[in-house]
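Student: Just one file: coords13.cif, with mmCIF, C-alpha atoms.
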```cif
data_coords
loop_
_atom_site.label_atom_id
_atom_site.label_comp_id
_atom_site.auth_asym_id
_atom_site.auth_seq_id
_atom_site.Cartn_x
_atom_site.Cartn_y
_atom_site.Cartn_z
CA MET S 12 -9.29 9.78 -6.10
CA SER S 13 -6.15 10.44 -8.09
CA THR S 14 -3.90 7.56 -9.08
CA GLN S 15 -0.69 9.58 -9.29
CA TYR S 16 1.89 10.22 -6.60
CA GLU S 17 5.49 11.36 -6.11
CA CYS S 18 8.30 9.03 -5.03
CA LEU S 19 10.69 9.99 -2.25
CA LYS S 20 13.11 12.62 -3.50
CA SER S 21 16.24 11.13 -1.91
CA PRO S 22 17.41 7.53 -1.29
CA ASP S 23 18.43 8.46 2.26
CA LEU S 24 14.80 9.21 3.13
CA TYR S 25 13.95 5.50 2.97
CA ALA S 26 16.33 4.84 5.84
CA GLU S 27 15.42 7.99 7.77
CA ALA S 28 11.64 7.64 7.52
CA PHE S 29 11.17 3.87 7.44
CA GLY S 30 14.35 2.36 8.83
CA ILE S 31 15.12 0.27 5.74
CA ALA S 32 18.06 0.07 3.40
CA PRO S 33 17.75 2.68 0.63
CA PRO S 34 17.46 1.63 -3.02
CA GLN S 35 20.59 1.69 -5.14
CA ALA S 36 18.88 3.97 -7.63
CA LEU S 37 15.69 6.01 -7.63
CA LEU S 38 12.85 5.45 -10.09
CA GLY S 39 11.05 8.25 -11.89
CA LYS S 40 9.82 11.20 -9.87
CA GLU S 41 6.14 10.33 -10.28
CA VAL S 42 4.25 7.03 -10.36
CA TRP S 43 0.97 6.27 -12.09
CA PRO S 44 -0.80 3.01 -13.00
CA ARG S 45 1.33 0.30 -14.68
CA GLN S 46 4.51 2.20 -13.80
CA PRO S 47 7.18 0.80 -11.42
CA GLY S 48 7.23 1.97 -7.84
CA PHE S 49 8.69 0.99 -4.47
CA PHE S 50 6.76 -0.55 -1.61
CA ILE S 51 7.72 -1.89 1.81
CA ARG S 52 6.64 -5.36 2.92
CA LYS S 53 7.45 -7.75 5.72
CA ALA S 54 9.88 -10.67 5.52
CA PHE S 55 9.73 -13.23 8.31
CA VAL S 56 13.23 -14.60 8.81
CA ALA S 57 12.16 -17.21 11.33
CA ALA S 58 8.94 -18.43 9.69
CA GLU S 59 10.40 -21.58 8.16
CA GLN S 60 12.14 -22.54 11.39
CA THR S 61 8.89 -22.13 13.33
CA LEU S 62 6.97 -24.33 10.90
CA ALA S 63 9.70 -26.97 11.03
CA SER S 64 9.70 -27.12 14.82
CA VAL S 65 5.92 -27.59 14.94
CA SER S 66 5.95 -30.32 12.26
CA GLU S 67 8.43 -32.38 14.29
CA THR S 68 5.58 -33.37 16.65
CA THR S 69 4.78 -37.01 15.76
CA PRO S 70 1.25 -37.86 14.57
CA GLU S 71 0.91 -40.56 17.28
CA THR S 72 1.29 -38.22 20.21
CA GLU S 73 -1.80 -36.69 21.73
CA VAL S 74 0.08 -33.84 23.32
CA THR S 75 -0.87 -30.51 21.74
CA PRO S 76 2.26 -28.53 20.84
CA PRO S 77 2.56 -25.07 22.38
CA PRO S 78 1.70 -22.08 20.18
CA ALA S 79 4.53 -21.15 17.85
CA PRO S 80 6.34 -17.97 18.91
CA ALA S 81 5.73 -14.89 16.80
CA SER S 82 8.26 -14.43 14.04
CA PRO S 83 10.37 -11.27 14.21
CA LEU S 84 9.35 -8.56 11.78
CA VAL S 85 11.86 -7.50 9.16
CA MET S 86 10.83 -4.80 6.71
CA GLU S 87 12.24 -4.84 3.21
CA LEU S 88 11.98 -2.56 0.19
CA ALA S 89 10.54 -4.14 -2.95
CA GLN S 90 9.77 -2.91 -6.44
CA GLY S 91 6.57 -3.60 -8.31
CA GLN S 92 3.99 -2.33 -10.73
CA PHE S 93 1.47 0.22 -9.46
CA GLY S 94 -1.82 -1.54 -10.08
CA LEU S 95 -2.61 -4.92 -8.55
CA VAL S 96 -2.56 -8.08 -10.68
CA PRO S 97 -4.59 -10.88 -9.01
CA THR S 98 -3.12 -14.37 -9.04
CA TRP S 99 -6.05 -15.76 -11.06
CA VAL S 100 -5.46 -13.50 -14.08
CA LYS S 101 -4.91 -15.77 -17.10
CA SER S 102 -2.40 -13.79 -19.18
CA ALA S 103 0.01 -10.87 -19.09
CA SER S 104 -2.15 -8.95 -21.56
CA ASP S 105 -5.17 -9.39 -19.27
CA ALA S 106 -3.01 -8.29 -16.35
CA LYS S 107 -2.24 -4.99 -18.08
CA LEU S 108 -5.93 -4.29 -18.58
CA ARG S 109 -6.92 -5.10 -15.02
CA SER S 110 -4.03 -3.38 -13.26
CA THR S 111 -5.04 0.13 -14.33
CA LYS S 112 -8.35 -0.36 -12.52
CA LEU S 113 -6.71 -1.76 -9.40
CA ALA S 114 -4.20 0.99 -8.61
CA VAL S 115 -6.39 2.04 -5.68
CA THR S 116 -8.69 -0.11 -3.55
CA ARG S 117 -11.45 0.89 -1.16
CA TYR S 118 -10.54 -0.54 2.23
CA GLU S 119 -14.21 -1.33 2.89
CA THR S 120 -14.18 -3.93 0.09
CA MET S 121 -10.60 -5.21 0.26
CA SER S 122 -11.63 -8.37 2.13
CA THR S 123 -14.60 -9.20 -0.11
CA ALA S 124 -13.77 -8.00 -3.64
CA THR S 125 -12.72 -10.79 -6.00
CA ALA S 126 -9.54 -8.96 -7.00
CA THR S 127 -8.17 -8.42 -3.48
CA ARG S 128 -9.80 -10.96 -1.17
CA GLU S 129 -7.10 -13.62 -1.57
CA THR S 130 -4.31 -11.07 -1.15
CA TRP S 131 -5.93 -9.69 2.00
CA LEU S 132 -6.44 -13.11 3.55
CA LYS S 133 -2.78 -14.00 2.91
CA GLY S 134 -1.76 -10.94 4.91
CA GLN S 135 0.20 -9.39 2.05
CA ARG S 136 -0.01 -5.86 3.36
CA CYS S 137 2.53 -3.22 2.42
CA ILE S 138 3.49 0.42 2.86
CA ILE S 139 3.81 2.72 -0.14
CA PRO S 140 6.36 5.50 0.49
CA MET S 141 5.48 8.79 -1.15
CA GLN S 142 6.46 12.41 -0.96
CA ALA S 143 3.04 13.64 -2.04
CA PHE S 144 -0.03 12.61 -4.02
CA LEU S 145 -2.00 14.54 -6.62
CA GLU S 146 -5.71 15.35 -6.61
CA ASP S 147 -7.94 17.42 -8.87
CA ASP S 148 -9.79 20.35 -7.31
CA TRP S 149 -13.17 20.68 -9.10
CA ARG S 150 -14.63 23.54 -7.08
CA SER S 151 -14.19 25.92 -10.01
CA ARG S 152 -15.80 23.29 -12.29
CA LYS S 153 -12.41 22.81 -13.92
CA ALA S 154 -9.85 20.28 -12.82
CA VAL S 155 -7.04 22.06 -10.96
CA PRO S 156 -4.20 19.61 -10.22
CA THR S 157 -3.22 19.92 -6.56
CA ARG S 158 -0.27 18.50 -4.69
CA ILE S 159 -1.07 17.08 -1.23
CA ALA S 160 1.86 16.57 1.15
CA ARG S 161 2.63 16.60 4.84
CA VAL S 162 2.98 20.04 6.39
CA ASP S 163 6.46 19.20 7.67
CA GLY S 164 7.61 17.94 4.27
CA GLN S 165 8.38 14.45 5.57
CA PRO S 166 7.53 11.29 3.57
CA MET S 167 4.17 9.60 3.94
CA GLY S 168 3.62 5.86 4.31
CA VAL S 169 0.34 4.75 2.75
CA ALA S 170 -1.26 1.39 3.52
CA GLY S 171 -1.51 -1.02 0.61
CA LEU S 172 -1.62 -4.62 -0.57
CA TRP S 173 0.90 -6.41 -2.77
CA GLU S 174 0.72 -9.51 -4.95
CA ARG S 175 2.92 -11.79 -7.08
CA TRP S 176 1.51 -13.15 -10.35
CA THR S 177 3.33 -15.88 -12.28
CA GLN S 178 2.69 -17.84 -15.44
CA GLY S 179 5.51 -19.97 -16.76
CA GLN S 180 8.58 -17.76 -16.91
CA GLU S 181 6.57 -14.54 -16.58
CA GLU S 182 6.27 -12.77 -13.24
CA ILE S 183 4.58 -9.53 -12.21
CA VAL S 184 4.95 -8.13 -8.70
CA SER S 185 2.33 -5.45 -8.13
CA PHE S 186 0.67 -3.34 -5.45
CA THR S 187 -2.43 -1.26 -4.78
CA LEU S 188 -2.91 1.58 -2.31
CA LEU S 189 -5.86 1.58 0.07
CA THR S 190 -8.27 4.48 0.44
CA VAL S 191 -10.65 5.65 3.15
CA ASN S 192 -13.75 7.82 3.09
CA ALA S 193 -13.04 11.58 3.21
CA ASN S 194 -16.54 13.09 3.01
CA SER S 195 -16.08 14.72 6.42
CA HIS S 196 -12.38 15.49 6.07
CA ALA S 197 -11.68 19.21 6.44
CA LEU S 198 -9.18 19.18 3.55
CA MET S 199 -9.84 16.21 1.31
CA ASN S 200 -13.58 16.83 0.98
CA ARG S 201 -12.64 19.61 -1.49
CA TYR S 202 -11.29 17.19 -4.06
CA GLY S 203 -12.88 14.81 -6.52
CA GLN S 204 -15.84 15.55 -8.76
CA ASN S 205 -19.00 16.92 -7.21
CA GLY S 206 -21.56 14.28 -6.35
CA ASN S 207 -18.99 11.53 -5.95
CA GLU S 208 -17.81 10.08 -2.66
CA LYS S 209 -14.64 11.76 -1.43
CA ARG S 210 -11.70 9.40 -0.88
CA MET S 211 -8.12 9.76 0.33
CA PRO S 212 -5.10 7.45 0.76
CA ALA S 213 -4.94 5.54 4.05
CA ILE S 214 -1.91 7.41 5.39
CA LEU S 215 -0.36 5.61 8.36
CA ASN S 216 1.00 7.28 11.47
CA GLU S 217 4.79 7.06 11.68
CA GLY S 218 4.72 4.81 14.72
CA ALA S 219 2.29 2.37 13.09
CA TYR S 220 4.37 1.11 10.14
CA GLY S 221 5.55 -2.12 11.73
CA ALA S 222 2.23 -2.71 13.48
CA TRP S 223 0.29 -2.42 10.20
CA LEU S 224 2.50 -5.00 8.51
CA ASN S 225 2.51 -7.42 11.43
CA ALA S 226 -1.01 -7.04 12.87
CA PRO S 227 -3.35 -10.04 13.00
CA ILE S 228 -5.90 -9.91 10.22
CA ASP S 229 -8.74 -9.13 12.63
CA LYS S 230 -6.86 -6.06 13.89
CA ALA S 231 -5.54 -4.68 10.61
CA ARG S 232 -8.69 -2.72 9.79
CA GLU S 233 -8.09 -0.53 12.84
CA PHE S 234 -5.34 1.28 10.91
CA MET S 235 -7.78 2.47 8.23
CA ARG S 236 -8.36 6.04 9.36
CA ALA S 237 -8.34 9.45 7.72
CA TYR S 238 -5.10 11.34 8.35
CA PRO S 239 -5.60 14.61 10.30
CA ALA S 240 -6.27 17.57 8.00
CA HIS S 241 -4.05 19.99 9.96
CA LEU S 242 -1.02 17.78 9.18
CA LEU S 243 -1.52 18.05 5.41
CA LEU S 244 -0.79 20.88 2.98
CA ALA S 245 -2.39 21.41 -0.45
CA ASN S 246 -0.85 23.49 -3.24
CA PRO S 247 -2.09 23.86 -6.85
CA VAL S 248 0.46 22.80 -9.47
CA GLN S 249 0.92 23.79 -13.08
CA LYS S 250 -0.77 21.43 -15.51
CA ARG S 251 1.64 19.74 -17.91
#
```
Would you mind writing the file out in structure tokens?
Tutor:
Amino acid sequence: MSTQYECLKSPDLYAEAFGIAPPQALLGKEVWPRQPGFFIRKAFVAAEQTLASVSETTPETEVTPPPAPASPLVMELAQGQFGLVPTWVKSASDAKLRSTKLAVTRYETMSTATATRETWLKGQRCIIPMQAFLEDDWRSRKAVPTRIARVDGQPMGVAGLWERWTQGQEEIVSFTLLTVNANSHALMNRYGQNGNEKRMPAILNEGAYGAWLNAPIDKAREFMRAYPAHLLLANPVQKR
């Protein structure tokens, strides 16, 4: 699938659509691999306090401490590079090469692929806000760039994973968007080259944003579904 999408067109939309503080300034209109983009992740404000309370149980006691209460979910807006950089990458130059290939990730392999397995197991899920994404229509045997957006014009929240790579003083925060199969999708099966599997971003339902970020790892896969075709609109765009 395409690796290009549009950012939200107004800072206020971050608050309206996702309930988070808007950025002080917008980035470029479009994002493609190795370019900066915004993503939404969770921040547990009570996590350290929970760990501290559990660790206070003395080693000598045989009494099992009660389960720690769930930490409250707080969503925050972060900025990173579009294209995941795994923690085991050895250099920044190697990171640049790998990140272009890890802008999108098949959800079926996110828990087993070397590049994303660690990130998935750590629960570093995120939401990528976008106004629309671009796909090529090959039905005429020529690539026709097409803009895919919600019918109502509202922002989309796409499921993704984020990571933080460090080496010395260097740091790269990055993210990848997750995709699902679209072979049977009434709209998205038109896009992508003939003979290849059809894929589409894992667009989340509006009421599922917090649940996706906070779900136990064994439940998170349940959010990987194709978004209904009747809620999406496709329009060809002029090629630059």
Student: Find, counting only C-alpha atoms, the residue in S:Leu215, S:Ala124, S:Ala160, S:Leu198 that gets nearest to Leu244 (chain S).
Tutor: S:Ala160
Student: Name every residue that the PyMOL selection byres ((chain S and resi 90) around 12) selects in this structure, writing the answer as a list in words with chains first and numbers rising.
Tutor: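 That selection, the PyMOL selection byres ((chain S and resi 90) around 12), comes back as Pro34, Gln35, Ala36, Leu37, Leu38, Gln46, Pro47, Gly48, Phe49, Phe50, Ile51, Arg52, Glu87, Leu88, Ala89, Gly91, Gln92, Phe93, Cys137, Ile138, Ile139, Pro140, Trp173, Glu174, Arg175, Ile183, Val184, Ser185 and Phe186 of chain S.
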Student: Hey, what comes out of the PyMOL selection byres ((chain S and resi 197) around 12) on this file? Could you write it as a list in words?
Tutor: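 Matching residues under the PyMOL selection byres ((chain S and resi 197) around 12) are Ala193, Asn194, Ser195, His196, Leu198, Met199, Asn200, Arg201, Tyr202, Lys209, Met211, Ala237, Tyr238, Pro239, Ala240, His241, Leu242, Leu243, Leu244 and Ala245 of chain S.
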Student: Distance CA of Pro44 (chain S)-CA of Arg161 (chain S), one decimal place?
Tutor: 22.7 Å
Student: Using all atoms listed in the file, what does the table of region 143-245 of chain S residues within 9 Å of region 101-108 of chain S look like, with each row giving the shortest atom pair and its distance in Å to one decimal, sorted by chain and ascending number, as a tab-separated table?
Tutor:
```
residue	atom	partner	partner_atom	distance
S:Trp176	CA	S:Ala106	CA	8.9
S:Gln178	CA	S:Ser102	CA	7.5
S:Glu181	CA	S:Ala103	CA	7.9
S:Glu182	CA	S:Ala103	CA	8.8
S:Ile183	CA	S:Ala103	CA	8.4
```
Student: For Gly203 (chain S), work out the shell of residues within 10 Å, counting only C-alpha atoms and skipping chain neighbours fewer than 4 positions away, then give it as a list in words.
Tutor: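 Listed by chain and then number, they are Met12, Ser13, Glu146, Asp147, Asp148, Trp149, Arg150, Ala154, Met199, Asn207, Glu208, Lys209, Arg210 and Met211 of chain S.
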Student: Would you export the selected residues with C-alpha atoms as a tab-separated table (two decimals), keeping the file's coordinate frame, please?
Tutor:
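Below is the file again-v1.tsv, written as the result:
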```
chain	number	residue	atom	x	y	z
S	12	MET	CA	-9.29	9.78	-6.10
S	13	SER	CA	-6.15	10.44	-8.09
S	146	GLU	CA	-5.71	15.35	-6.61
S	147	ASP	CA	-7.94	17.42	-8.87
S	148	ASP	CA	-9.79	20.35	-7.31
S	149	TRP	CA	-13.17	20.68	-9.10
S	150	ARG	CA	-14.63	23.54	-7.08
S	154	ALA	CA	-9.85	20.28	-12.82
S	199	MET	CA	-9.84	16.21	1.31
S	207	ASN	CA	-18.99	11.53	-5.95
S	208	GLU	CA	-17.81	10.08	-2.66
S	209	LYS	CA	-14.64	11.76	-1.43
S	210	ARG	CA	-11.70	9.40	-0.88
S	211	MET	CA	-8.12	9.76	0.33
```
Student: Go through S:Lys153, S:Lys40, S:Arg232, S:Arg158 one by one, measure the shortest atom-to-atom distance of each to Gln249 (chain S) using only C-alpha atoms, and give the residue with the smallest value.
Tutor: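 The answer is S:Arg158, which sits nearest to Gln249 (chain S).
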Student: Just how far from CA of Val42 (chain S) is CA of Ile228 (chain S), in Å to one decimal?
Tutor: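 According to the coordinates, CA of Ile228 (chain S) and CA of Val42 (chain S) are separated by 28.5 Å.
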Student: The PyMOL selection byres ((chain S and resi 114) around 9) - which residues does that actually catch in the file I just gave you? List them as a PDB file with C-alpha atoms, in the coordinates of the input.
Tutor:
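The result, stored in result-v6.pdb:
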```pdb
ATOM      1  CA  THR S  14      -3.900   7.560  -9.080  1.00  0.00           C
ATOM      2  CA  TRP S  43       0.970   6.270 -12.090  1.00  0.00           C
ATOM      3  CA  PRO S  44      -0.800   3.010 -13.000  1.00  0.00           C
ATOM      4  CA  ARG S  45       1.330   0.300 -14.680  1.00  0.00           C
ATOM      5  CA  PHE S  93       1.470   0.220  -9.460  1.00  0.00           C
ATOM      6  CA  GLY S  94      -1.820  -1.540 -10.080  1.00  0.00           C
ATOM      7  CA  LEU S  95      -2.610  -4.920  -8.550  1.00  0.00           C
ATOM      8  CA  SER S 110      -4.030  -3.380 -13.260  1.00  0.00           C
ATOM      9  CA  THR S 111      -5.040   0.130 -14.330  1.00  0.00           C
ATOM     10  CA  LYS S 112      -8.350  -0.360 -12.520  1.00  0.00           C
ATOM     11  CA  LEU S 113      -6.710  -1.760  -9.400  1.00  0.00           C
ATOM     12  CA  VAL S 115      -6.390   2.040  -5.680  1.00  0.00           C
ATOM     13  CA  THR S 116      -8.690  -0.110  -3.550  1.00  0.00           C
ATOM     14  CA  PHE S 186       0.670  -3.340  -5.450  1.00  0.00           C
ATOM     15  CA  THR S 187      -2.430  -1.260  -4.780  1.00  0.00           C
ATOM     16  CA  LEU S 188      -2.910   1.580  -2.310  1.00  0.00           C
ATOM     17  CA  LEU S 189      -5.860   1.580   0.070  1.00  0.00           C
TER      18      LEU S 189
END
```
Student: Out of S:Pro247, S:Gly30, S:Pro227, S:Gly179, which residue has the shortest atom-to-atom distance to Lys133 (chain S) when counting only C-alpha atoms?
Tutor: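 Distance minimum relative to Lys133 (chain S) lands on S:Pro227.
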Student: Mind pulling up the distance from CA of Asn225 (chain S) to CA of Val96 (chain S)?
Tutor: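 Going from CA of Val96 (chain S) over to CA of Asn225 (chain S) covers 22.7 Å.
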Student: Up to 10 Å from (9.6, -5.6, 14.1) in the file's coordinates: name the residues, counting all atoms listed in the file, as JSON, numbers by chain.
Tutor: {"S": [53, 54, 55, 82, 83, 84, 85, 86, 220, 221, 222, 224, 225]}
Student: Would you save the residues of that selection, restricted to C-alpha atoms, as a short mmCIF file (atom, residue, chain, number, x, y, z; two decimals), in the frame of the given file?
Tutor:
```cif
data_model
loop_
_atom_site.label_atom_id
_atom_site.label_comp_id
_atom_site.auth_asym_id
_atom_site.auth_seq_id
_atom_site.Cartn_x
_atom_site.Cartn_y
_atom_site.Cartn_z
CA LYS S 53 7.45 -7.75 5.72
CA ALA S 54 9.88 -10.67 5.52
CA PHE S 55 9.73 -13.23 8.31
CA SER S 82 8.26 -14.43 14.04
CA PRO S 83 10.37 -11.27 14.21
CA LEU S 84 9.35 -8.56 11.78
CA VAL S 85 11.86 -7.50 9.16
CA MET S 86 10.83 -4.80 6.71
CA TYR S 220 4.37 1.11 10.14
CA GLY S 221 5.55 -2.12 11.73
CA ALA S 222 2.23 -2.71 13.48
CA LEU S 224 2.50 -5.00 8.51
CA ASN S 225 2.51 -7.42 11.43
#
```
Student: Near Tyr25 (chain S), counting only C-alpha atoms, which residues have an atom at most 10 Å away, once you skip same-chain residues fewer than 2 positions from it, shown as a list of chain:residue names?
Tutor: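 Residues meeting the cut-off are S:Leu19, S:Lys20, S:Ser21, S:Pro22, S:Asp23, S:Glu27, S:Ala28, S:Phe29, S:Gly30, S:Ile31, S:Ala32, S:Pro33, S:Pro34, S:Ile51, S:Leu88, S:Pro140, S:Met141, S:Pro166.
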Student: Find, counting only C-alpha atoms, the residue in S:Gln135, S:Thr177, S:Val191, S:Ala143 that gets nearest to Trp223 (chain S).
Tutor: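 Closest to Trp223 (chain S) of all the choices is S:Gln135.
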Student: Would you give the centre and edge lengths, in Å to one decimal, of a box along x, y and z around the listed atoms of region 81-93 of chain S, with 5 Å added to each side, as AutoDock Vina command-line options?
Tutor:
```
--center_x 6.9 --center_y -7.3 --center_z 3.0 --size_x 20.8 --size_y 25.1 --size_z 37.5
```
Student: Would you please work out which residue, of S:Gln204, S:Ser151, S:Thr98, S:Thr127, is nearest to Leu172 (chain S) when using all atoms listed in the file?
Tutor: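 With all atoms listed in the file as the atom set, the closest residue is S:Thr127.
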